[in-house]
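Engineer: Before anything else, here's the structure in question.
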Amino acid sequence: MKKTIFAFVLLAALVLSLAACGTAGPTETEAPAVEPQSAAPQESEPTDETQPANTMTAYRADGSAVILEDGGDGTTWIDENGLLYYLGEDGVLRARGFEDLYIETPSAESEPVRQDGERFEAVIILEGMEEPVQYEHIRNTSLGFEMDYDYENFVRSSDAERERFISGWDDPANPENYLEVTFSAEDAETAAAAVREALSASYELNESVRELERAGSCIRIEASVIKGTNNMADQIQVVTIIPAADGCCVAAEHYSIESAEGIGRRFSYMLNTLSLLEK
């Protein structure tokens, strides 16, 4: 009897022990932290404001914009009407007989508009040195041009067919050193052919293209070597033919070989101020 009771007690203890083990579950584990993901970079949308590489925005004197297309040679630009502009070293775009355009919006510091007869001082380089020059601005609507001339060193002589700027040291009736500006109704190439024919009788000619700051691309014919020799002539002639809408402007420089670095350079600066007018 005692053995039966003892076996029953052991069985009960075993049952209770198993029941306690069944109620205990595995411990819960924390879910791993989720790293926040950065948003994928978005590609920038192309805009219509991007200007094609072969165009440029230029500006009129009043600040209005003009879109120009590259002329293909690095110095010329064309507007929507097909008008050809030349870009000068001063950043001004010029077309013969038309208003200038600017690569930056014009401001109060833009190049002033000179009045006929206005006098002012400028600085040029002669033999590597700066030299102040007294200029007078002239406008000749009948010949179709305006320019600045050095009134301290040259005397102006005008008539219906020409403007002359004669060295103050010369006899005005028989000058040796002077710049003469005329107008021809012929186109630039026809006028250049006549100049070649006239000068080639006595000179070996050197022809090139000259880019005037305010008048654009021109034909330049230099007569400085005596024909059939390698000797420099005593008197040099340099003729610049400037195309215009209704013909051409012809600027002929005359000066002695000794004056090439002085008077010749002064003439060159004067021609760089020349621009065409509507006649």
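Letters A, B, ... mark the chains of the structure tokens in the order given; residue numbers begin at 1 per chain; ligand numbers begin at 1, in order shown.
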Set the distance at 12 Å and use only C-alpha atoms: which residues neighbour stretch 64-70 of chain A once local chain neighbours fewer than 2 positions away are removed? I'd like the list as a compact mmCIF listing (two decimals) with N, CA, C and O atoms, in the first residue's frame.

Structural biologist:
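Below you can see selection.txt, which holds the result:
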```txt
# COMPACT_ATOMS: atom_id res chain seq x y z
N GLN A 51 20.61 78.11 -74.36
CA GLN A 51 20.80 78.68 -75.70
C GLN A 51 21.74 77.82 -76.51
O GLN A 51 22.79 77.42 -76.02
N PRO A 52 21.42 77.49 -77.74
CA PRO A 52 22.33 76.68 -78.56
C PRO A 52 23.70 77.33 -78.67
O PRO A 52 23.84 78.55 -78.61
N ALA A 53 24.73 76.47 -78.82
CA ALA A 53 26.11 76.96 -78.83
C ALA A 53 26.40 77.87 -80.01
O ALA A 53 27.32 78.67 -79.96
N ASN A 54 25.63 77.74 -81.10
CA ASN A 54 25.92 78.53 -82.29
C ASN A 54 25.12 79.83 -82.37
O ASN A 54 24.99 80.42 -83.42
N THR A 55 24.56 80.26 -81.24
CA THR A 55 23.85 81.53 -81.20
C THR A 55 24.39 82.39 -80.06
O THR A 55 25.06 81.90 -79.16
N MET A 56 24.10 83.67 -80.13
CA MET A 56 24.53 84.61 -79.10
C MET A 56 23.47 85.68 -78.94
O MET A 56 22.85 86.10 -79.90
N THR A 57 23.28 86.12 -77.71
CA THR A 57 22.37 87.23 -77.45
C THR A 57 23.18 88.53 -77.45
O THR A 57 24.16 88.66 -76.73
N ALA A 58 22.78 89.46 -78.27
CA ALA A 58 23.38 90.80 -78.31
C ALA A 58 22.31 91.81 -77.92
O ALA A 58 21.13 91.47 -77.80
N TYR A 59 22.73 93.06 -77.73
CA TYR A 59 21.80 94.07 -77.23
C TYR A 59 21.91 95.36 -78.04
O TYR A 59 23.00 95.78 -78.40
N ARG A 60 20.77 95.96 -78.31
CA ARG A 60 20.74 97.29 -78.93
C ARG A 60 21.07 98.33 -77.87
O ARG A 60 21.14 98.03 -76.67
N ALA A 61 21.24 99.58 -78.32
CA ALA A 61 21.57 100.66 -77.40
C ALA A 61 20.48 100.87 -76.36
O ALA A 61 20.75 101.32 -75.24
N ASP A 62 19.22 100.54 -76.71
CA ASP A 62 18.13 100.71 -75.77
C ASP A 62 17.97 99.53 -74.82
O ASP A 62 17.05 99.49 -73.99
N GLY A 72 30.21 81.47 -88.69
CA GLY A 72 31.05 80.34 -89.07
C GLY A 72 32.53 80.63 -89.12
O GLY A 72 33.33 79.70 -89.26
N ASP A 73 32.94 81.90 -88.98
CA ASP A 73 34.36 82.21 -89.05
C ASP A 73 34.90 82.80 -87.75
O ASP A 73 36.05 83.22 -87.67
N GLY A 74 34.08 82.84 -86.71
CA GLY A 74 34.53 83.31 -85.42
C GLY A 74 34.47 84.82 -85.22
O GLY A 74 34.67 85.31 -84.11
N THR A 75 34.20 85.58 -86.28
CA THR A 75 34.16 87.04 -86.16
C THR A 75 32.86 87.64 -86.68
O THR A 75 32.63 88.83 -86.47
N THR A 76 32.03 86.86 -87.35
CA THR A 76 30.79 87.40 -87.91
C THR A 76 29.58 86.71 -87.29
O THR A 76 29.62 85.53 -86.93
N TRP A 77 28.48 87.48 -87.19
CA TRP A 77 27.23 86.98 -86.64
C TRP A 77 26.08 87.51 -87.50
O TRP A 77 26.18 88.59 -88.07
N ILE A 78 25.01 86.75 -87.58
CA ILE A 78 23.91 87.06 -88.50
C ILE A 78 22.61 87.15 -87.70
O ILE A 78 22.31 86.28 -86.88
N ASP A 79 21.83 88.24 -87.95
CA ASP A 79 20.56 88.37 -87.25
C ASP A 79 19.45 87.66 -88.02
O ASP A 79 19.68 87.05 -89.08
N GLU A 80 18.22 87.74 -87.51
CA GLU A 80 17.11 86.99 -88.10
C GLU A 80 16.75 87.48 -89.51
O GLU A 80 16.10 86.77 -90.27
N ASN A 81 17.19 88.68 -89.86
CA ASN A 81 16.93 89.22 -91.20
C ASN A 81 18.08 88.96 -92.17
O ASN A 81 18.05 89.45 -93.31
N GLY A 82 19.10 88.23 -91.72
CA GLY A 82 20.23 87.92 -92.59
C GLY A 82 21.29 89.00 -92.62
O GLY A 82 22.22 88.93 -93.42
N LEU A 83 21.18 90.00 -91.74
CA LEU A 83 22.15 91.09 -91.70
C LEU A 83 23.43 90.60 -91.03
O LEU A 83 23.40 89.99 -89.96
N LEU A 84 24.59 90.88 -91.67
CA LEU A 84 25.88 90.38 -91.20
C LEU A 84 26.54 91.41 -90.29
O LEU A 84 26.72 92.57 -90.66
N TYR A 85 26.90 90.99 -89.08
CA TYR A 85 27.58 91.84 -88.12
C TYR A 85 29.01 91.35 -87.91
O TYR A 85 29.28 90.14 -87.92
N TYR A 86 29.93 92.31 -87.71
CA TYR A 86 31.32 92.00 -87.42
C TYR A 86 31.61 92.38 -85.97
O TYR A 86 31.26 93.47 -85.52
N LEU A 87 32.25 91.47 -85.25
CA LEU A 87 32.57 91.71 -83.85
C LEU A 87 33.93 92.38 -83.73
O LEU A 87 34.96 91.82 -84.11
N LEU A 93 29.38 94.92 -81.97
CA LEU A 93 29.03 94.28 -83.24
C LEU A 93 28.54 95.35 -84.20
O LEU A 93 27.62 96.11 -83.87
N ASP A 100 24.70 99.76 -84.07
CA ASP A 100 25.61 98.84 -83.41
C ASP A 100 24.85 97.95 -82.43
O ASP A 100 23.80 98.33 -81.90
N LEU A 101 25.42 96.76 -82.20
CA LEU A 101 24.91 95.86 -81.17
C LEU A 101 26.04 95.60 -80.18
O LEU A 101 27.22 95.73 -80.51
N TYR A 102 25.68 95.21 -78.96
CA TYR A 102 26.66 95.04 -77.89
C TYR A 102 26.52 93.65 -77.28
O TYR A 102 25.41 93.12 -77.15
N ILE A 103 27.67 93.07 -76.89
CA ILE A 103 27.63 91.73 -76.29
C ILE A 103 27.20 91.78 -74.83
O ILE A 103 26.87 90.77 -74.24
N GLU A 104 27.20 92.98 -74.24
CA GLU A 104 26.67 93.18 -72.90
C GLU A 104 25.64 94.30 -72.95
O GLU A 104 25.69 95.16 -73.82
N THR A 105 24.73 94.29 -71.99
CA THR A 105 23.70 95.32 -71.96
C THR A 105 24.36 96.69 -71.82
O THR A 105 25.14 96.90 -70.89
N PRO A 106 24.09 97.61 -72.73
CA PRO A 106 24.73 98.93 -72.64
C PRO A 106 24.37 99.63 -71.33
O PRO A 106 23.27 99.50 -70.82
```

Engineer: Using only C-alpha atoms, which residues sit within 9 Å of A:Asp116 once same-chain residues fewer than 6 positions away are excluded, as a list in words?

Structural biologist: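 Within the cut-off, the hits are Glu136, His137, Ile138, Arg139, Asn140 and Glu146 of chain A.
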
Engineer: Write the residues you've just listed into a file as a CSV table (one decimal), in the first residue's frame, and include N, CA and C atoms for each of them.

Structural biologist:
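Saved as out-v3.csv:
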```csv
chain,number,residue,atom,x,y,z
A,136,GLU,N,38.8,115.7,-83.1
A,136,GLU,CA,37.5,116.4,-83.4
A,136,GLU,C,36.7,115.4,-84.1
A,137,HIS,N,35.4,115.3,-83.7
A,137,HIS,CA,34.5,114.3,-84.4
A,137,HIS,C,33.8,115.1,-85.6
A,138,ILE,N,33.8,114.4,-86.8
A,138,ILE,CA,33.1,115.0,-87.9
A,138,ILE,C,32.1,114.0,-88.5
A,139,ARG,N,31.1,114.6,-89.1
A,139,ARG,CA,30.0,113.8,-89.8
A,139,ARG,C,29.9,114.4,-91.2
A,140,ASN,N,30.0,113.6,-92.2
A,140,ASN,CA,29.8,114.0,-93.6
A,140,ASN,C,28.7,113.1,-94.2
A,146,GLU,N,31.4,109.1,-90.7
A,146,GLU,CA,31.8,109.9,-89.6
A,146,GLU,C,33.1,109.3,-89.0
```

Engineer: If you measure from atom CA of A:Asp90 to atom CA of A:Gly144, what distance in Å do you get, rounded to one decimal?

Structural biologist: 22.8 Å

Engineer: Would you list the contacts of A:Gly247 as a list in words, taking every protein, DNA or RNA residue within 7 Å and counting only C-alpha atoms, but skipping same-chain residues closer than 3 positions in sequence?

Structural biologist: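 Returned residues: Ser184, Ala185, Glu186, Asp187, Ala188, Pro243 and Ala244 of chain A.
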
Engineer: Which neighbours of A:Asp170 fall inside 12 Å, counting only C-alpha atoms, when residues of the same chain fewer than 6 positions from it are skipped, and could you give them as a list in words?

Structural biologist: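 So the residues in contact are Asn153, Phe154, Val155, Glu176, Asn177, Tyr178, Tyr255 and Ser256 of chain A.
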
Engineer: Those selected residues, please, written with C-alpha atoms and delivered as a short mmCIF file (atom, residue, chain, number, x, y, z; two decimals), in the first residue's frame.

Structural biologist:
```cif
data_model
loop_
_atom_site.label_atom_id
_atom_site.label_comp_id
_atom_site.auth_asym_id
_atom_site.auth_seq_id
_atom_site.Cartn_x
_atom_site.Cartn_y
_atom_site.Cartn_z
CA ASN A 153 48.50 117.56 -86.33
CA PHE A 154 46.25 117.71 -89.39
CA VAL A 155 44.33 120.43 -91.21
CA GLU A 176 52.84 114.99 -99.32
CA ASN A 177 51.34 113.60 -96.13
CA TYR A 178 47.56 113.41 -96.07
CA TYR A 255 52.93 109.70 -96.54
CA SER A 256 56.71 109.60 -96.84
#
```

Engineer: To one decimal in Å, tell me the separation between atom CA of A:Trp169 and atom CA of A:Gly117.

Structural biologist: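 A separation of 22.7 Å between them.
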
Engineer: Mind checking DSSP for stretch 59-220 of chain A and telling me the strand (DSSP E) residues as a PyMOL selection string?

Structural biologist: chain A and resi 59+65-70+76-78+84-87+92-94+101-102+119-126+129-140+145-150+154-158+162-167+178-184+203-212+216-220
